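For reference, the structure is listed below as structure tokens.
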There are 2 protein chains.
Amino acid sequence: MKDKAREWFENLRSKLISTIEVHENARFTEKKWEHSGRGGGLMSKIEGSLIEKGGVNISTVSGQFSEKMQKRVPGAEKDPSYWATGISVVLHPKNPNIPSMHFNTRYLSTTKNWFGGGIDITPCLDYTKETKIFHIDLKNMCDKYDNSYYPKYKKWCDEYFFLKHRNEPRGIGGIFFDYLNTESDNSDFLFIKDVGMFFHDYVDKIISRYKNNDWSESDKYAQLIKRGRYVEFNLLYDRGTKFGLETGGNIDAILMSMPPQANWE
Amino acid sequence: MKDKAREWFENLRSKLISTIEVHENARFTEKKWEHSGRGGGLMSKIEGSLIEKGGVNISTVSGQFSEKMQKRVPGAEKDPSYWATGISVVLHPKNPNIPSMHFNTRYLSTTKNWFGGGIDITPCLDYTKETKIFHIDLKNMCDKYDNSYYPKYKKWCDEYFFLKHRNEPRGIGGIFFDYLNTESDNSDFLFIKDVGMFFHDYVDKIISRYKNNDWSESDKYAQLIKRGRYVEFNLLYDRGTKFGLETGGNIDAILMSMPPQANWE
């Protein structure tokens with residue numbers, strides 16, 4: 001499963017990058033980085049006419065958890081060895097009619113093995129109709145695997161992407177999941193692939209649908225203010241960011257999710 | 001001392017605002033806010049041609065500390081009552097030749113009484129000569145009270161305003177101090193007044209000196225990137241911000257320090 005997962009994330013990365021480049025006048029630039037343990041990653045970044053700043057990061061790393069981490073991670077209590085592979089994507093479009101889009105999936109292996117990940121969307125202008133469609137489609141995709149997935153993972157997403165200090169959600173939610181154990185059958189891997197393709201198709205569809213829509217100065221300002229909230233979330237709450245910064249990870253990869261520009265009133 | 005401290009901070013606020021308005025084409029707008037306990041504050045904000053975004057906040061509040069806070073604050077171990085008055089200023093200039101300037105002083109009263117505060121400066125372009133002058137002047141001011149102040153408070157400032165995850169200082173430092181106990185004589189209050197006037201005069205001088213200097217697009221971009229670091233510091237490390245957000249303080253007052261705009265590469 002390690003090889004299959006890694007190959008899938010690499011495959012998905014190529015597909016996403018190709019699809020975004022079809023819409024764009026710019027290309028992704030690549031930057032390899034090495035992990036302090038073994039392995040490393042490949043960061044791909046675009047600054048284009050549609051995606052003002054976007055990043056696609058894949059990595060496959062292994063090593064030994066610190067004692068602090070051993071207590072937090074399932075299956076690492078007695079053996080600190082881990083192996084992980086994953087893909088992480090953040091897109092900050094220039095056009096405020098197109099929402100910021102975030103996605104990641106990963107496979108982690110200690111003495112246990114599991115998948116985790118999520119998709120969530122952050123619009124800055126009215127997105128009521130699209131929100132309805134997004135959640136119906138997500139539910140239909142989840143229901144193919146387990147009727148409990150959508151309500152459970154939507155709730156997890158809503159609780160996670162919430163700015164407590166402002167008492168407001170970061171965006172319109174999505175799904176957020178972890179600890180999908182694949183040892184029994186192949187269905188979790190199929191789910192992971194479906195989540196990835198859902199995100200791919202969503203990005204493609206939403207860019208196509210809104211890329212030619214005009215916007216006003218006040219629309220753009222609304223986007224920049226919303227991006228300020230995005231920054232607040234990432235630095236105050238995001239587990240991945242906090243974990244990365246605390247453990248001395250690759251700064252560029254950790255802060256890839258930051259918007260190109262953000263404003264505060 | 002409570003009344004004397006409060007009056008001084010109010011006096012300093014008026015002086016600072018008047019001096020900045022002398023340089024500006026804009027005026028400060030005022031907004032009162034109430035504290036969840038007793039008292040409240042007055043936020044003054046400017047969006048001008050020189051100060052792209054600036055805030056001057058004074059507050060005088062009292063109440064009872066939570067149990068968690070009682071353990072952290074001197075003199076509150078047995079009696080949770082506190083009374084506090086203070087002034088806090090952050091200026092983000094439009095012209096990248098003028099640094100961001102930050103200052104605060106406060107007087108806290110539990111079963112003990114003390115002053116705390118600091119000044120620090122964040123330039124984004126070469127500021128070597130000014131840095132030298134700034135630190136010489138700060139040292140001379142501190143030495144009037146105690147030769148140990150400058151080295152001790154400069155070190156505290158350097159350690160505090162440091163972005164560990166980037167291994168870089170936020171700016172060129174300054175002084176940072178706390179627990180100045182005023183019960184013996186009046187010299188701490190005189191020091192606090194001097195720190196306030198030092199900041200006032202510094203703002204006045206630096207604005208006058210650089211307000212007509214031109215800048216390039218890349219100078220402005222350097223400023224926006226530096227402001228991104230400022231945002232990272234405030235959300236990841238700043239004690240005041242963290243404390244305010246955790247205890248449900250006034251969001252606008254807590255995040256007054258955020259720049260109007262920040263960029264990430």
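To be explicit about the labels: the chains of the structure tokens are called A, B, and onward in the order shown, and within each one the residues are counted from 1, while ligands get numbers from 1 in the order they are shown.
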Quick one: everything within 7 Å of stretch 98-108 of chain A, counting only C-alpha atoms, minus sequence neighbours fewer than 4 positions away in the same chain. Send it as a PyMOL selection string. chain A and resi 5+83-93+113-124+206-207+210
Write to file, as a compact mmCIF listing (two decimals), in the first residue's frame, the residues of the selection just made, with N, CA, C and O atoms.
# COMPACT_ATOMS: atom_id res chain seq x y z
N ALA A 5 0.06 4.12 -2.63
CA ALA A 5 -0.36 5.45 -2.16
C ALA A 5 0.56 6.53 -2.73
O ALA A 5 0.11 7.52 -3.30
N TRP A 83 6.54 6.26 8.57
CA TRP A 83 6.71 6.44 7.13
C TRP A 83 5.46 7.16 6.66
O TRP A 83 4.35 6.81 7.09
N ALA A 84 5.60 8.20 5.86
CA ALA A 84 4.42 8.97 5.45
C ALA A 84 4.57 9.46 4.03
O ALA A 84 5.66 9.81 3.58
N THR A 85 3.46 9.48 3.33
CA THR A 85 3.44 10.05 1.98
C THR A 85 2.16 10.86 1.84
O THR A 85 1.14 10.51 2.46
N GLY A 86 2.20 11.95 1.09
CA GLY A 86 0.99 12.76 0.99
C GLY A 86 1.08 13.84 -0.06
O GLY A 86 2.15 14.11 -0.62
N ILE A 87 -0.08 14.44 -0.32
CA ILE A 87 -0.18 15.56 -1.25
C ILE A 87 -0.99 16.66 -0.59
O ILE A 87 -1.95 16.38 0.14
N SER A 88 -0.56 17.89 -0.79
CA SER A 88 -1.22 19.03 -0.17
C SER A 88 -1.31 20.16 -1.20
O SER A 88 -0.33 20.46 -1.88
N VAL A 89 -2.48 20.75 -1.32
CA VAL A 89 -2.72 21.76 -2.36
C VAL A 89 -3.45 22.97 -1.78
O VAL A 89 -4.43 22.80 -1.03
N VAL A 90 -2.98 24.16 -2.08
CA VAL A 90 -3.71 25.40 -1.75
C VAL A 90 -3.68 26.30 -2.97
O VAL A 90 -2.62 26.56 -3.53
N LEU A 91 -4.87 26.77 -3.36
CA LEU A 91 -4.97 27.67 -4.52
C LEU A 91 -5.64 28.96 -4.09
O LEU A 91 -6.75 28.95 -3.55
N HIS A 92 -4.93 30.09 -4.29
CA HIS A 92 -5.50 31.41 -4.02
C HIS A 92 -5.71 32.12 -5.37
O HIS A 92 -4.75 32.66 -5.94
N PRO A 93 -6.92 32.11 -5.89
CA PRO A 93 -7.17 32.71 -7.21
C PRO A 93 -7.13 34.23 -7.14
O PRO A 93 -7.33 34.84 -6.08
N ASN A 113 -1.48 1.58 10.13
CA ASN A 113 -1.48 2.26 8.83
C ASN A 113 -2.82 2.93 8.62
O ASN A 113 -3.86 2.33 8.90
N TRP A 114 -2.80 4.16 8.12
CA TRP A 114 -4.10 4.80 7.84
C TRP A 114 -3.97 5.98 6.88
O TRP A 114 -2.88 6.52 6.68
N PHE A 115 -5.14 6.32 6.29
CA PHE A 115 -5.26 7.49 5.44
C PHE A 115 -5.93 8.63 6.21
O PHE A 115 -6.74 8.40 7.11
N GLY A 116 -5.60 9.86 5.81
CA GLY A 116 -6.30 11.03 6.34
C GLY A 116 -6.31 12.11 5.28
O GLY A 116 -5.63 11.99 4.26
N GLY A 117 -7.09 13.17 5.52
CA GLY A 117 -7.10 14.27 4.56
C GLY A 117 -8.34 15.13 4.64
O GLY A 117 -9.06 15.10 5.66
N GLY A 118 -8.58 15.88 3.59
CA GLY A 118 -9.77 16.73 3.56
C GLY A 118 -9.78 17.68 2.38
O GLY A 118 -8.78 17.84 1.68
N ILE A 119 -10.95 18.25 2.18
CA ILE A 119 -11.16 19.30 1.17
C ILE A 119 -11.95 20.41 1.85
O ILE A 119 -12.92 20.13 2.55
N ASP A 120 -11.56 21.64 1.64
CA ASP A 120 -12.44 22.74 2.06
C ASP A 120 -12.24 23.97 1.18
O ASP A 120 -11.19 24.15 0.58
N ILE A 121 -13.27 24.79 1.14
CA ILE A 121 -13.38 25.88 0.18
C ILE A 121 -13.65 27.19 0.92
O ILE A 121 -14.46 27.21 1.85
N THR A 122 -12.95 28.25 0.52
CA THR A 122 -13.13 29.55 1.17
C THR A 122 -13.48 30.63 0.15
O THR A 122 -12.61 31.25 -0.44
N PRO A 123 -14.77 30.86 -0.08
CA PRO A 123 -15.18 31.95 -0.96
C PRO A 123 -15.14 33.27 -0.19
O PRO A 123 -15.12 33.27 1.05
N CYS A 124 -15.16 34.38 -0.93
CA CYS A 124 -15.17 35.68 -0.25
C CYS A 124 -16.37 36.52 -0.70
O CYS A 124 -16.69 37.52 -0.08
N ILE A 206 -14.79 25.01 -11.40
CA ILE A 206 -15.01 26.36 -10.84
C ILE A 206 -14.16 27.39 -11.57
O ILE A 206 -14.62 28.50 -11.82
N ILE A 207 -12.95 27.03 -11.95
CA ILE A 207 -12.13 27.97 -12.72
C ILE A 207 -12.82 28.25 -14.06
O ILE A 207 -12.98 29.41 -14.46
N TYR A 210 -16.01 30.58 -13.66
CA TYR A 210 -15.93 31.96 -13.18
C TYR A 210 -14.75 32.77 -13.70
O TYR A 210 -14.62 33.95 -13.40
Using only C-alpha atoms, which chain B residues lie at most 12 Å away from chain A, written as JSON, numbers by chain? {"B": [45, 46, 47, 52, 53, 54, 55, 92, 163, 164, 165, 166, 167, 221, 224, 225, 227, 228, 229, 230, 231, 232, 233, 234, 235, 236, 237, 238, 241, 242, 243, 244, 245, 246, 247, 248, 249, 250, 251, 252, 253, 254, 255, 256, 257, 258, 259, 260, 261, 262, 263, 264, 265]}
Within 10 Å of B:Met141, counting only C-alpha atoms, which residues qualify if same-chain residues fewer than 3 places away don't, as an MDAnalysis selection string? chainID B and resid 135:138 144:147 149:150 191 194:195 198
Filtering to N, CA and C atoms, could you give me those residues as a compact mmCIF listing (two decimals), in the first residue's frame?
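Contents of the output file part-v9.txt:
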# COMPACT_ATOMS: atom_id res chain seq x y z
N HIS B 135 19.75 53.09 19.10
CA HIS B 135 20.22 52.36 20.28
C HIS B 135 21.08 53.24 21.20
N ILE B 136 21.85 54.15 20.60
CA ILE B 136 22.62 55.08 21.44
C ILE B 136 21.65 55.95 22.27
N ASP B 137 20.64 56.47 21.59
CA ASP B 137 19.68 57.34 22.28
C ASP B 137 18.91 56.59 23.36
N LEU B 138 18.54 55.35 23.04
CA LEU B 138 17.82 54.53 24.03
C LEU B 138 18.71 54.29 25.26
N LYS B 144 20.00 57.23 32.51
CA LYS B 144 19.61 58.25 33.48
C LYS B 144 19.02 57.61 34.74
N TYR B 145 18.51 56.40 34.59
CA TYR B 145 17.82 55.74 35.71
C TYR B 145 18.66 54.64 36.35
N ASP B 146 19.26 53.81 35.48
CA ASP B 146 20.01 52.67 36.00
C ASP B 146 20.87 52.13 34.85
N ASN B 147 22.18 52.00 35.09
CA ASN B 147 23.06 51.51 34.03
C ASN B 147 22.76 50.09 33.59
N TYR B 149 19.74 48.97 33.04
CA TYR B 149 18.48 48.90 32.26
C TYR B 149 18.71 48.58 30.79
N TYR B 150 19.53 49.39 30.14
CA TYR B 150 19.65 49.24 28.68
C TYR B 150 20.09 47.84 28.27
N PHE B 191 10.78 57.14 34.62
CA PHE B 191 11.30 56.33 33.52
C PHE B 191 10.19 56.06 32.49
N ASP B 194 9.56 59.01 30.46
CA ASP B 194 10.66 59.23 29.52
C ASP B 194 10.57 58.28 28.33
N VAL B 195 10.20 57.02 28.60
CA VAL B 195 10.04 56.05 27.50
C VAL B 195 8.96 56.54 26.55
N PHE B 198 10.24 59.49 24.64
CA PHE B 198 11.24 59.01 23.68
C PHE B 198 10.54 58.53 22.41
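Note that atom CA of A:Pro80 and atom CA of A:Thr111 are 8.9 Å apart.
Proximity to B:Gly173 was assessed for B:Ser18, B:Thr131, B:Tyr202, B:Gly196 counting only C-alpha atoms; the smallest distance is recorded for B:Thr131.
Distances to A:Phe65 were evaluated for A:Glu159, A:Asp178, A:Glu168, A:Asp79 using only C-alpha atoms, and the minimum falls at A:Asp79.
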Surrounding residues of stretch 20-25 of chain A excluding itself and chain neighbours under 6 positions, 8 Å, only C-alpha atoms, as a short mmCIF file (atom, residue, chain, number, x, y, z; two decimals) with C-alpha atoms, in the first residue's frame:
data_model
loop_
_atom_site.label_atom_id
_atom_site.label_comp_id
_atom_site.auth_asym_id
_atom_site.auth_seq_id
_atom_site.Cartn_x
_atom_site.Cartn_y
_atom_site.Cartn_z
CA GLY A 48 -0.46 33.06 -12.77
CA SER A 49 -3.19 35.18 -14.29
CA LEU A 50 -5.94 33.05 -12.70
CA ILE A 51 -4.22 31.48 -9.70
CA ASP A 204 -11.36 22.54 -13.13
CA ILE A 207 -12.13 27.97 -12.72
CA SER A 208 -13.93 27.38 -16.05
#
Picked from stretch 22-225 of chain B by DSSP as alpha helix (DSSP H), as a VMD selection string: chain B and resid 22 to 23 67 to 72 128 to 143 149 to 160 187 to 210 217 to 225
